[in-house]
>>> print(open('query-v3.pdb').read())   # PDB, C-alpha atoms
ATOM      1  CA  MET O   1      10.839 -87.933 136.031
ATOM      2  CA  ALA O   2       9.781 -88.773 139.547
ATOM      3  CA  GLN O   3       6.386 -90.036 140.609
ATOM      4  CA  HIS O   4       4.229 -88.355 143.236
ATOM      5  CA  GLN O   5       0.959 -90.201 142.794
ATOM      6  CA  SER O   6      -0.202 -93.347 141.069
ATOM      7  CA  PHE O   7       0.636 -93.245 137.359
ATOM      8  CA  GLY O   8      -0.807 -95.076 134.454
ATOM      9  CA  PRO O   9       1.420 -97.767 132.981
ATOM     10  CA  LEU O  10       2.910 -95.508 130.334
ATOM     11  CA  LEU O  11       3.876 -92.729 132.713
ATOM     12  CA  ALA O  12       5.272 -95.281 135.141
ATOM     13  CA  GLU O  13       7.410 -96.561 132.283
ATOM     14  CA  ILE O  14       8.631 -93.026 131.696
ATOM     15  CA  GLN O  15       9.860 -92.847 135.255
ATOM     16  CA  ASN O  16      11.344 -96.308 135.477
ATOM     17  CA  HIS O  17      13.095 -96.439 132.129
ATOM     18  CA  TYR O  18      13.839 -92.883 131.084
ATOM     19  CA  TYR O  19      14.190 -90.630 134.107
ATOM     20  CA  ALA O  20      16.441 -92.558 136.431
ATOM     21  CA  ILE O  21      19.327 -90.196 135.615
ATOM     22  CA  ALA O  22      20.427 -88.103 138.541
ATOM     23  CA  SER O  23      20.532 -84.436 137.732
ATOM     24  CA  GLU O  24      24.109 -83.722 138.850
ATOM     25  CA  GLY O  25      25.739 -82.039 135.891
ATOM     26  CA  HIS O  26      26.397 -84.246 132.915
ATOM     27  CA  ALA O  27      27.077 -87.956 132.745
ATOM     28  CA  LYS O  28      28.816 -90.439 130.505
ATOM     29  CA  THR O  29      26.808 -91.071 127.382
ATOM     30  CA  SER O  30      26.382 -94.727 128.304
ATOM     31  CA  THR O  31      24.071 -93.740 131.186
ATOM     32  CA  LEU O  32      21.716 -91.770 128.951
ATOM     33  CA  ALA O  33      19.840 -93.376 126.074
ATOM     34  CA  ARG O  34      20.682 -91.531 122.855
ATOM     35  CA  GLY O  35      17.765 -90.184 120.851
ATOM     36  CA  ASP O  36      17.339 -90.160 117.087
ATOM     37  CA  LEU O  37      17.191 -86.452 116.286
ATOM     38  CA  LYS O  38      18.688 -85.694 112.868
ATOM     39  CA  ARG O  39      20.431 -82.590 111.528
ATOM     40  CA  ALA O  40      17.790 -82.176 108.810
ATOM     41  CA  GLU O  41      15.140 -81.517 111.470
ATOM     42  CA  LEU O  42      16.998 -78.373 112.548
ATOM     43  CA  ARG O  43      17.317 -76.729 109.142
ATOM     44  CA  ASN O  44      14.199 -74.576 109.304
ATOM     45  CA  SER O  45      13.278 -71.856 111.760
ATOM     46  CA  ASP O  46      10.848 -73.986 113.763
ATOM     47  CA  VAL O  47      11.872 -75.641 117.014
ATOM     48  CA  PRO O  48      11.146 -79.395 116.764
ATOM     49  CA  ALA O  49       8.020 -80.573 118.571
ATOM     50  CA  GLY O  50       8.636 -81.867 122.070
ATOM     51  CA  VAL O  51      11.657 -79.698 122.893
ATOM     52  CA  PRO O  52      11.484 -78.509 126.539
ATOM     53  CA  LEU O  53      11.195 -74.810 127.217
ATOM     54  CA  CYS O  54      14.799 -74.355 128.378
ATOM     55  CA  MET O  55      16.105 -75.652 125.066
ATOM     56  CA  ALA O  56      13.430 -74.023 122.910
ATOM     57  CA  ASN O  57      14.514 -70.688 124.398
ATOM     58  CA  LEU O  58      18.166 -71.321 123.486
ATOM     59  CA  MET O  59      17.291 -72.505 119.981
ATOM     60  CA  ASN O  60      15.211 -69.393 119.369
ATOM     61  CA  LYS O  61      17.953 -67.115 120.684
ATOM     62  CA  LEU O  62      20.509 -68.876 118.492
ATOM     63  CA  LYS O  63      18.337 -68.479 115.404
ATOM     64  CA  ASP O  64      17.721 -64.806 116.228
ATOM     65  CA  SER O  65      21.323 -63.769 116.922
ATOM     66  CA  HIS O  66      23.318 -66.620 115.338
ATOM     67  CA  HIS O  67      25.444 -66.835 118.453
ATOM     68  CA  LEU O  68      25.313 -68.093 122.030
ATOM     69  CA  LYS O  69      27.808 -67.570 124.829
ATOM     70  CA  HIS O  70      29.629 -70.540 126.327
ATOM     71  CA  GLY O  71      26.973 -71.479 128.898
ATOM     72  CA  GLY O  72      24.262 -71.529 126.266
ATOM     73  CA  ARG O  73      26.405 -73.466 123.791
ATOM     74  CA  MET O  74      27.161 -76.136 126.378
ATOM     75  CA  GLN O  75      23.571 -76.467 127.597
ATOM     76  CA  LEU O  76      22.097 -76.665 124.100
ATOM     77  CA  GLY O  77      24.977 -78.560 122.500
ATOM     78  CA  LEU O  78      24.924 -81.405 125.016
ATOM     79  CA  PHE O  79      21.141 -81.570 124.741
ATOM     80  CA  LEU O  80      21.273 -81.924 120.957
ATOM     81  CA  LYS O  81      24.027 -84.516 121.260
ATOM     82  CA  SER O  82      22.015 -86.589 123.728
ATOM     83  CA  CYS O  83      18.957 -86.246 121.503
ATOM     84  CA  GLY O  84      20.821 -87.897 118.653
ATOM     85  CA  LEU O  85      23.066 -85.510 116.719
ATOM     86  CA  THR O  86      26.374 -87.025 115.658
ATOM     87  CA  MET O  87      29.566 -85.004 116.051
ATOM     88  CA  GLU O  88      29.574 -84.213 112.338
ATOM     89  CA  GLU O  89      25.956 -83.066 112.530
ATOM     90  CA  SER O  90      26.680 -80.900 115.565
ATOM     91  CA  LEU O  91      29.651 -79.272 113.876
ATOM     92  CA  SER O  92      27.518 -78.597 110.802
ATOM     93  CA  PHE O  93      24.633 -77.205 112.861
ATOM     94  CA  TRP O  94      26.731 -74.778 114.906
ATOM     95  CA  LYS O  95      28.913 -73.704 112.015
ATOM     96  CA  ASP O  96      25.920 -72.959 109.799
ATOM     97  CA  GLU O  97      24.249 -70.880 112.516
ATOM     98  CA  PHE O  98      27.386 -68.945 113.460
ATOM     99  CA  GLN O  99      28.221 -68.215 109.827
ATOM    100  CA  LYS O 100      24.822 -66.543 109.478
ATOM    101  CA  GLY O 101      26.160 -64.040 111.990
ATOM    102  CA  SER O 102      29.657 -62.605 112.216
ATOM    103  CA  VAL O 103      31.711 -65.792 112.630
ATOM    104  CA  ALA O 104      33.646 -66.770 109.508
ATOM    105  CA  SER O 105      34.371 -70.410 108.709
ATOM    106  CA  ASP O 106      38.045 -70.321 109.699
ATOM    107  CA  ARG O 107      37.279 -68.528 112.964
ATOM    108  CA  PHE O 108      34.667 -71.150 113.826
ATOM    109  CA  ASP O 109      37.128 -73.956 113.130
ATOM    110  CA  LYS O 110      39.765 -72.341 115.366
ATOM    111  CA  GLN O 111      37.583 -71.008 118.187
ATOM    112  CA  TYR O 112      34.529 -73.248 118.531
ATOM    113  CA  ALA O 113      34.993 -76.638 116.840
ATOM    114  CA  TYR O 114      37.391 -77.982 119.507
ATOM    115  CA  SER O 115      34.763 -77.616 122.250
ATOM    116  CA  ILE O 116      32.199 -79.543 120.208
ATOM    117  CA  ARG O 117      34.650 -82.350 119.477
ATOM    118  CA  HIS O 118      35.545 -82.385 123.180
ATOM    119  CA  THR O 119      31.943 -83.118 124.202
ATOM    120  CA  TYR O 120      32.010 -86.162 121.926
ATOM    121  CA  GLY O 121      35.165 -87.452 123.590
ATOM    122  CA  LYS O 122      37.443 -86.670 120.667
ATOM    123  CA  GLU O 123      39.644 -84.057 122.386
ATOM    124  CA  GLY O 124      41.202 -83.437 125.783
ATOM    125  CA  ARG O 125      40.537 -86.243 128.268
ATOM    126  CA  ARG O 126      38.403 -87.990 125.617
ATOM    127  CA  LYS O 127      35.487 -88.361 127.994
ATOM    128  CA  GLU O 128      32.167 -88.307 126.206
ATOM    129  CA  LEU O 129      29.516 -86.128 127.862
ATOM    130  CA  SER O 130      25.736 -86.019 127.795
ATOM    131  CA  CYS O 131      22.981 -83.578 128.601
ATOM    132  CA  TYR O 132      23.037 -81.408 131.708
ATOM    133  CA  GLY O 133      20.509 -82.509 134.310
ATOM    134  CA  CYS O 134      17.816 -80.169 135.515
ATOM    135  CA  MET O 135      19.422 -79.335 138.851
ATOM    136  CA  LYS O 136      22.604 -78.145 137.149
ATOM    137  CA  ILE O 137      20.507 -76.033 134.789
ATOM    138  CA  ILE O 138      18.384 -74.630 137.619
ATOM    139  CA  ASN O 139      21.440 -73.814 139.730
ATOM    140  CA  SER O 140      23.254 -72.010 136.928
ATOM    141  CA  THR O 141      23.268 -68.212 136.980
ATOM    142  CA  PRO O 142      23.013 -66.601 133.536
ATOM    143  CA  GLY O 143      24.746 -63.265 133.248
ATOM    144  CA  PRO O 144      24.037 -60.349 130.897
ATOM    145  CA  GLY O 145      23.590 -61.536 127.339
ATOM    146  CA  GLU O 146      23.350 -65.179 128.407
ATOM    147  CA  HIS O 147      20.294 -67.337 127.816
ATOM    148  CA  HIS O 148      20.996 -70.655 129.501
ATOM    149  CA  GLY O 149      19.428 -71.738 132.772
ATOM    150  CA  CYS O 150      15.853 -72.710 133.612
ATOM    151  CA  PRO O 151      13.091 -70.490 132.187
ATOM    152  CA  TYR O 152      10.712 -71.430 135.002
ATOM    153  CA  LYS O 153      13.214 -69.835 137.366
ATOM    154  CA  GLU O 154      14.644 -67.039 135.219
ATOM    155  CA  PHE O 155      11.691 -65.695 133.216
ATOM    156  CA  SER O 156       9.349 -62.955 134.364
ATOM    157  CA  GLU O 157       5.724 -63.998 134.687
ATOM    158  CA  PRO O 158       4.620 -62.275 131.434
ATOM    159  CA  ARG O 159       7.521 -63.771 129.506
ATOM    160  CA  LEU O 160       6.885 -67.239 130.913
ATOM    161  CA  LYS O 161       3.214 -67.059 129.975
ATOM    162  CA  GLN O 162       4.071 -65.957 126.445
ATOM    163  CA  SER O 163       6.731 -68.649 126.075
ATOM    164  CA  LEU O 164       4.427 -71.416 127.293
ATOM    165  CA  SER O 165       1.768 -70.373 124.816
ATOM    166  CA  ALA O 166       4.368 -70.320 122.041
ATOM    167  CA  ILE O 167       5.264 -73.994 122.598
ATOM    168  CA  GLY O 168       1.630 -75.055 122.511
ATOM    169  CA  VAL O 169       0.518 -75.110 126.145
ATOM    170  CA  PRO O 170      -3.290 -74.717 126.179
ATOM    171  CA  ALA O 171      -4.472 -71.424 127.654
ATOM    172  CA  ALA O 172      -6.193 -73.139 130.590
ATOM    173  CA  GLU O 173      -2.925 -74.812 131.623
ATOM    174  CA  VAL O 174      -0.682 -71.740 131.537
ATOM    175  CA  ALA O 175      -1.701 -70.216 134.891
ATOM    176  CA  PRO O 176      -1.218 -73.437 136.928
ATOM    177  CA  ILE O 177       2.245 -73.889 135.428
ATOM    178  CA  VAL O 178       3.201 -70.289 136.184
ATOM    179  CA  SER O 179       1.903 -70.735 139.739
ATOM    180  CA  LEU O 180       4.182 -73.736 140.278
ATOM    181  CA  ALA O 181       7.132 -71.770 138.927
ATOM    182  CA  LYS O 182       6.382 -68.820 141.253
ATOM    183  CA  GLU O 183       6.440 -71.278 144.162
ATOM    184  CA  ASN O 184       9.916 -72.447 143.046
ATOM    185  CA  HIS O 185       8.615 -75.840 141.906
ATOM    186  CA  TYR O 186      10.477 -75.564 138.624
ATOM    187  CA  GLN O 187      10.652 -79.257 137.790
ATOM    188  CA  LEU O 188       6.979 -79.759 138.602
ATOM    189  CA  ALA O 189       6.159 -76.806 136.352
ATOM    190  CA  CYS O 190       8.184 -78.410 133.580
ATOM    191  CA  GLY O 191       6.475 -81.736 134.185
ATOM    192  CA  LYS O 192       3.071 -80.087 133.929
ATOM    193  CA  THR O 193       4.207 -78.506 130.655
ATOM    194  CA  PHE O 194       5.174 -81.980 129.423
ATOM    195  CA  MET O 195       1.721 -83.301 130.276
ATOM    196  CA  ALA O 196      -0.073 -80.321 128.728
ATOM    197  CA  THR O 197       1.832 -80.505 125.439
ATOM    198  CA  ASN O 198       1.766 -84.282 125.093
ATOM    199  CA  GLN O 199      -1.936 -84.768 125.829
ATOM    200  CA  THR O 200      -1.440 -86.901 128.903
ATOM    201  CA  ASP O 201      -4.148 -87.011 131.542
ATOM    202  CA  PRO O 202      -3.501 -84.509 134.391
ATOM    203  CA  SER O 203      -5.498 -86.696 136.808
ATOM    204  CA  GLU O 204      -2.800 -89.357 136.629
ATOM    205  CA  GLY O 205      -0.375 -87.499 138.880
ATOM    206  CA  ALA O 206       2.470 -85.005 138.957
ATOM    207  CA  ILE O 207       5.699 -85.380 137.028
ATOM    208  CA  VAL O 208       9.081 -83.996 138.034
ATOM    209  CA  VAL O 209      11.393 -83.643 135.038
ATOM    210  CA  THR O 210      15.052 -84.344 135.789
ATOM    211  CA  ASN O 211      16.696 -84.251 132.346
ATOM    212  CA  PRO O 212      15.708 -82.230 129.262
ATOM    213  CA  ALA O 213      17.016 -84.749 126.730
ATOM    214  CA  GLU O 214      14.852 -87.489 128.171
ATOM    215  CA  TYR O 215      11.896 -85.076 128.216
ATOM    216  CA  PHE O 216      12.366 -84.621 124.478
ATOM    217  CA  ASN O 217      13.067 -88.257 123.655
ATOM    218  CA  ARG O 218      10.007 -89.456 125.563
ATOM    219  CA  ALA O 219       7.774 -86.728 124.106
ATOM    220  CA  ARG O 220       8.950 -87.845 120.691
ATOM    221  CA  THR O 221       8.065 -91.453 121.455
ATOM    222  CA  LEU O 222       4.622 -90.478 122.740
ATOM    223  CA  ARG O 223       3.894 -88.519 119.582
ATOM    224  CA  ARG O 224       4.927 -91.426 117.420
ATOM    225  CA  GLU O 225       2.801 -93.830 119.380
ATOM    226  CA  GLY O 226      -0.147 -91.456 119.243
ATOM    227  CA  ALA O 227      -0.601 -91.980 122.957
ATOM    228  CA  THR O 228      -3.442 -89.505 123.342
ATOM    229  CA  ALA O 229      -6.144 -91.772 124.748
ATOM    230  CA  PRO O 230      -6.860 -91.810 128.501
ATOM    231  CA  MET O 231      -4.615 -94.230 130.359
ATOM    232  CA  ASP O 232      -5.671 -96.682 133.022
ATOM    233  CA  VAL O 233      -4.534 -95.687 136.498
ATOM    234  CA  ASP O 234      -2.913 -98.334 138.653
ATOM    235  CA  SER O 235      -4.980 -99.160 141.695
TER     236      SER O 235
END
>>> encode(input="query-v3.pdb", output="structure tokens")
Amino acid sequence: MAQHQSFGPLLAEIQNHYYAIASEGHAKTSTLARGDLKRAELRNSDVPAGVPLCMANLMNKLKDSHHLKHGGRMQLGLFLKSCGLTMEESLSFWKDEFQKGSVASDRFDKQYAYSIRHTYGKEGRRKELSCYGCMKIINSTPGPGEHHGCPYKEFSEPRLKQSLSAIGVPAAEVAPIVSLAKENHYQLACGKTFMATNQTDPSEGAIVVTNPAEYFNRARTLRREGATAPMDVDS
């Protein structure tokens, strides 16, 4: 996240510690703190709390159709990896979902497992990868039947409003977020969503999200800490 105004100590810590990652594609895992998401948290139909809209959309599409095209698999798969899933957990997650559709076990092993192992540095050049940054996601161009990309850029206004409500954005906050998205301020819109769904104080400044995995990992930390009280603003 980037800072536009004076933040309280906790939001300043978000910027300084978590959101220093540049948003150019994906990076080595060592540059991105790994989260602690577990496979068991993905076994039901609910999207885990704190997941950003771009990934919630992909998770819902995957659960609806039990398949995603390559762009969606990469965007979501690297996110889940950076949020904490081990390679074994990722293989289990994707295989279980695809088998609910039309992909048999042996076909999954032959056609899809290699790519997952590759992202963990176990195949090909053996370079471990982490979550796509926001600029790569924003600049992607989903084609027909594809669901990756940035919802603040790609969604129609009615769909964006509905999707924001579905992830728990209060009704009073939906219109300002949609307005930012219409003005092409996609990362600011996402930052405002973060603040609205994590009970931070809007008066403390604007947030620009630069990486969806760090959005989720920090939201998760805030929920654990119960950081819902007003924060002091630096003078």
>>> closest_residue(input="query-v3.pdb", among="O:Met195, O:Ile177, O:Ala113, O:Leu58", to="O:Ala219", atoms="all atoms listed in the file")
O:Met195
>>> closest_residue(input="query-v3.pdb", among="O:Glu123, O:His67, O:Lys136, O:Glu146", to="O:Phe108", atoms="only C-alpha atoms")
O:His67
>>> closest_residue(input="query-v3.pdb", among="O:Leu188, O:Leu42, O:Leu53, O:Leu76", to="O:Ser165", atoms="all atoms listed in the file")
O:Leu53
>>> resolve_selection(input="query-v3.pdb", expression="the PyMOL selection byres ((chain O and resi 87) around 9)", output="compact mmCIF listing (two decimals) with C-alpha atoms, in the coordinates of the input")
# COMPACT_ATOMS: atom_id res chain seq x y z
CA LYS O 81 24.03 -84.52 121.26
CA LEU O 85 23.07 -85.51 116.72
CA THR O 86 26.37 -87.02 115.66
CA GLU O 88 29.57 -84.21 112.34
CA GLU O 89 25.96 -83.07 112.53
CA SER O 90 26.68 -80.90 115.56
CA LEU O 91 29.65 -79.27 113.88
CA SER O 92 27.52 -78.60 110.80
CA ILE O 116 32.20 -79.54 120.21
CA ARG O 117 34.65 -82.35 119.48
CA THR O 119 31.94 -83.12 124.20
CA TYR O 120 32.01 -86.16 121.93
>>> atom_distance(input="query-v3.pdb", atom1="atom CA of O:Pro52", atom2="atom CA of O:His66")
20.2 Å
>>> residues_around(input="query-v3.pdb", residues="O:Arg73", least_positions_apart="2", cutoff="10 Å", atoms="all atoms listed in the file", output="list in words")
Leu58, Met59, Leu62, His67, Leu68, Lys69, His70, Gly71, Gln75, Leu76, Gly77, Leu78, Phe79, Trp94, Tyr112, Ser115, Ile116, Glu146, His147 and His148 of chain O
>>> write_last_selection(input="query-v3.pdb", atoms="C-alpha atoms", output="PDB file, in the coordinates of the input")
ATOM      1  CA  LEU O  58      18.166 -71.321 123.486  1.00  0.00           C
ATOM      2  CA  MET O  59      17.291 -72.505 119.981  1.00  0.00           C
ATOM      3  CA  LEU O  62      20.509 -68.876 118.492  1.00  0.00           C
ATOM      4  CA  HIS O  67      25.444 -66.835 118.453  1.00  0.00           C
ATOM      5  CA  LEU O  68      25.313 -68.093 122.030  1.00  0.00           C
ATOM      6  CA  LYS O  69      27.808 -67.570 124.829  1.00  0.00           C
ATOM      7  CA  HIS O  70      29.629 -70.540 126.327  1.00  0.00           C
ATOM      8  CA  GLY O  71      26.973 -71.479 128.898  1.00  0.00           C
ATOM      9  CA  GLN O  75      23.571 -76.467 127.597  1.00  0.00           C
ATOM     10  CA  LEU O  76      22.097 -76.665 124.100  1.00  0.00           C
ATOM     11  CA  GLY O  77      24.977 -78.560 122.500  1.00  0.00           C
ATOM     12  CA  LEU O  78      24.924 -81.405 125.016  1.00  0.00           C
ATOM     13  CA  PHE O  79      21.141 -81.570 124.741  1.00  0.00           C
ATOM     14  CA  TRP O  94      26.731 -74.778 114.906  1.00  0.00           C
ATOM     15  CA  TYR O 112      34.529 -73.248 118.531  1.00  0.00           C
ATOM     16  CA  SER O 115      34.763 -77.616 122.250  1.00  0.00           C
ATOM     17  CA  ILE O 116      32.199 -79.543 120.208  1.00  0.00           C
ATOM     18  CA  GLU O 146      23.350 -65.179 128.407  1.00  0.00           C
ATOM     19  CA  HIS O 147      20.294 -67.337 127.816  1.00  0.00           C
ATOM     20  CA  HIS O 148      20.996 -70.655 129.501  1.00  0.00           C
TER      21      HIS O 148
END
>>> atom_distance(input="query-v3.pdb", atom1="atom CA of O:Glu41", atom2="atom CA of O:Gln199")
22.5 Å
>>> closest_residue(input="query-v3.pdb", among="O:Ala40, O:Met135, O:Leu129, O:Cys150", to="O:Gly72", atoms="only C-alpha atoms")
O:Cys150
>>> residues_near_point(input="query-v3.pdb", point="(19.3, -65.7, 134.5)", cutoff="12 Å", atoms="all atoms listed in the file", output="PyMOL selection string")
chain O and resi 54+71-72+137-156
>>> atom_distance(input="query-v3.pdb", atom1="atom CA of O:Lys192", atom2="atom CA of O:Val174")
9.5 Å
>>> closest_residue(input="query-v3.pdb", among="O:Thr193, O:Thr221, O:Asn211, O:Ser163", to="O:Pro176", atoms="only C-alpha atoms")
O:Thr193
>>> closest_residue(input="query-v3.pdb", among="O:Pro212, O:Met55, O:Ser65, O:Ala196", to="O:Ser102", atoms="all atoms listed in the file")
O:Ser65
>>> residues_near_point(input="query-v3.pdb", point="(4.2, -73.8, 118.4)", cutoff="12 Å", atoms="only C-alpha atoms", output="PDB file with C-alpha atoms, in the coordinates of the input")
ATOM      1  CA  SER O  45      13.278 -71.856 111.760  1.00  0.00           C
ATOM      2  CA  ASP O  46      10.848 -73.986 113.763  1.00  0.00           C
ATOM      3  CA  VAL O  47      11.872 -75.641 117.014  1.00  0.00           C
ATOM      4  CA  PRO O  48      11.146 -79.395 116.764  1.00  0.00           C
ATOM      5  CA  ALA O  49       8.020 -80.573 118.571  1.00  0.00           C
ATOM      6  CA  GLY O  50       8.636 -81.867 122.070  1.00  0.00           C
ATOM      7  CA  VAL O  51      11.657 -79.698 122.893  1.00  0.00           C
ATOM      8  CA  PRO O  52      11.484 -78.509 126.539  1.00  0.00           C
ATOM      9  CA  LEU O  53      11.195 -74.810 127.217  1.00  0.00           C
ATOM     10  CA  ALA O  56      13.430 -74.023 122.910  1.00  0.00           C
ATOM     11  CA  ASN O  60      15.211 -69.393 119.369  1.00  0.00           C
ATOM     12  CA  GLN O 162       4.071 -65.957 126.445  1.00  0.00           C
ATOM     13  CA  SER O 163       6.731 -68.649 126.075  1.00  0.00           C
ATOM     14  CA  LEU O 164       4.427 -71.416 127.293  1.00  0.00           C
ATOM     15  CA  SER O 165       1.768 -70.373 124.816  1.00  0.00           C
ATOM     16  CA  ALA O 166       4.368 -70.320 122.041  1.00  0.00           C
ATOM     17  CA  ILE O 167       5.264 -73.994 122.598  1.00  0.00           C
ATOM     18  CA  GLY O 168       1.630 -75.055 122.511  1.00  0.00           C
ATOM     19  CA  VAL O 169       0.518 -75.110 126.145  1.00  0.00           C
ATOM     20  CA  PRO O 170      -3.290 -74.717 126.179  1.00  0.00           C
ATOM     21  CA  THR O 197       1.832 -80.505 125.439  1.00  0.00           C
TER      22      THR O 197
END
>>> resolve_selection(input="query-v3.pdb", expression="the PyMOL selection byres ((chain O and resi 128) around 8)", output="VMD selection string")
chain O and resid 28 to 29 118 to 122 126 to 127 129 to 130
>>> axis_aligned_box(input="query-v3.pdb", around="stretch 103-119 of chain O", padding_each_side="6 Å", output="AutoDock Vina command-line options")
--center_x 35.7 --center_y -74.5 --center_z 116.5 --size_x 20.1 --size_y 29.3 --size_z 27.5
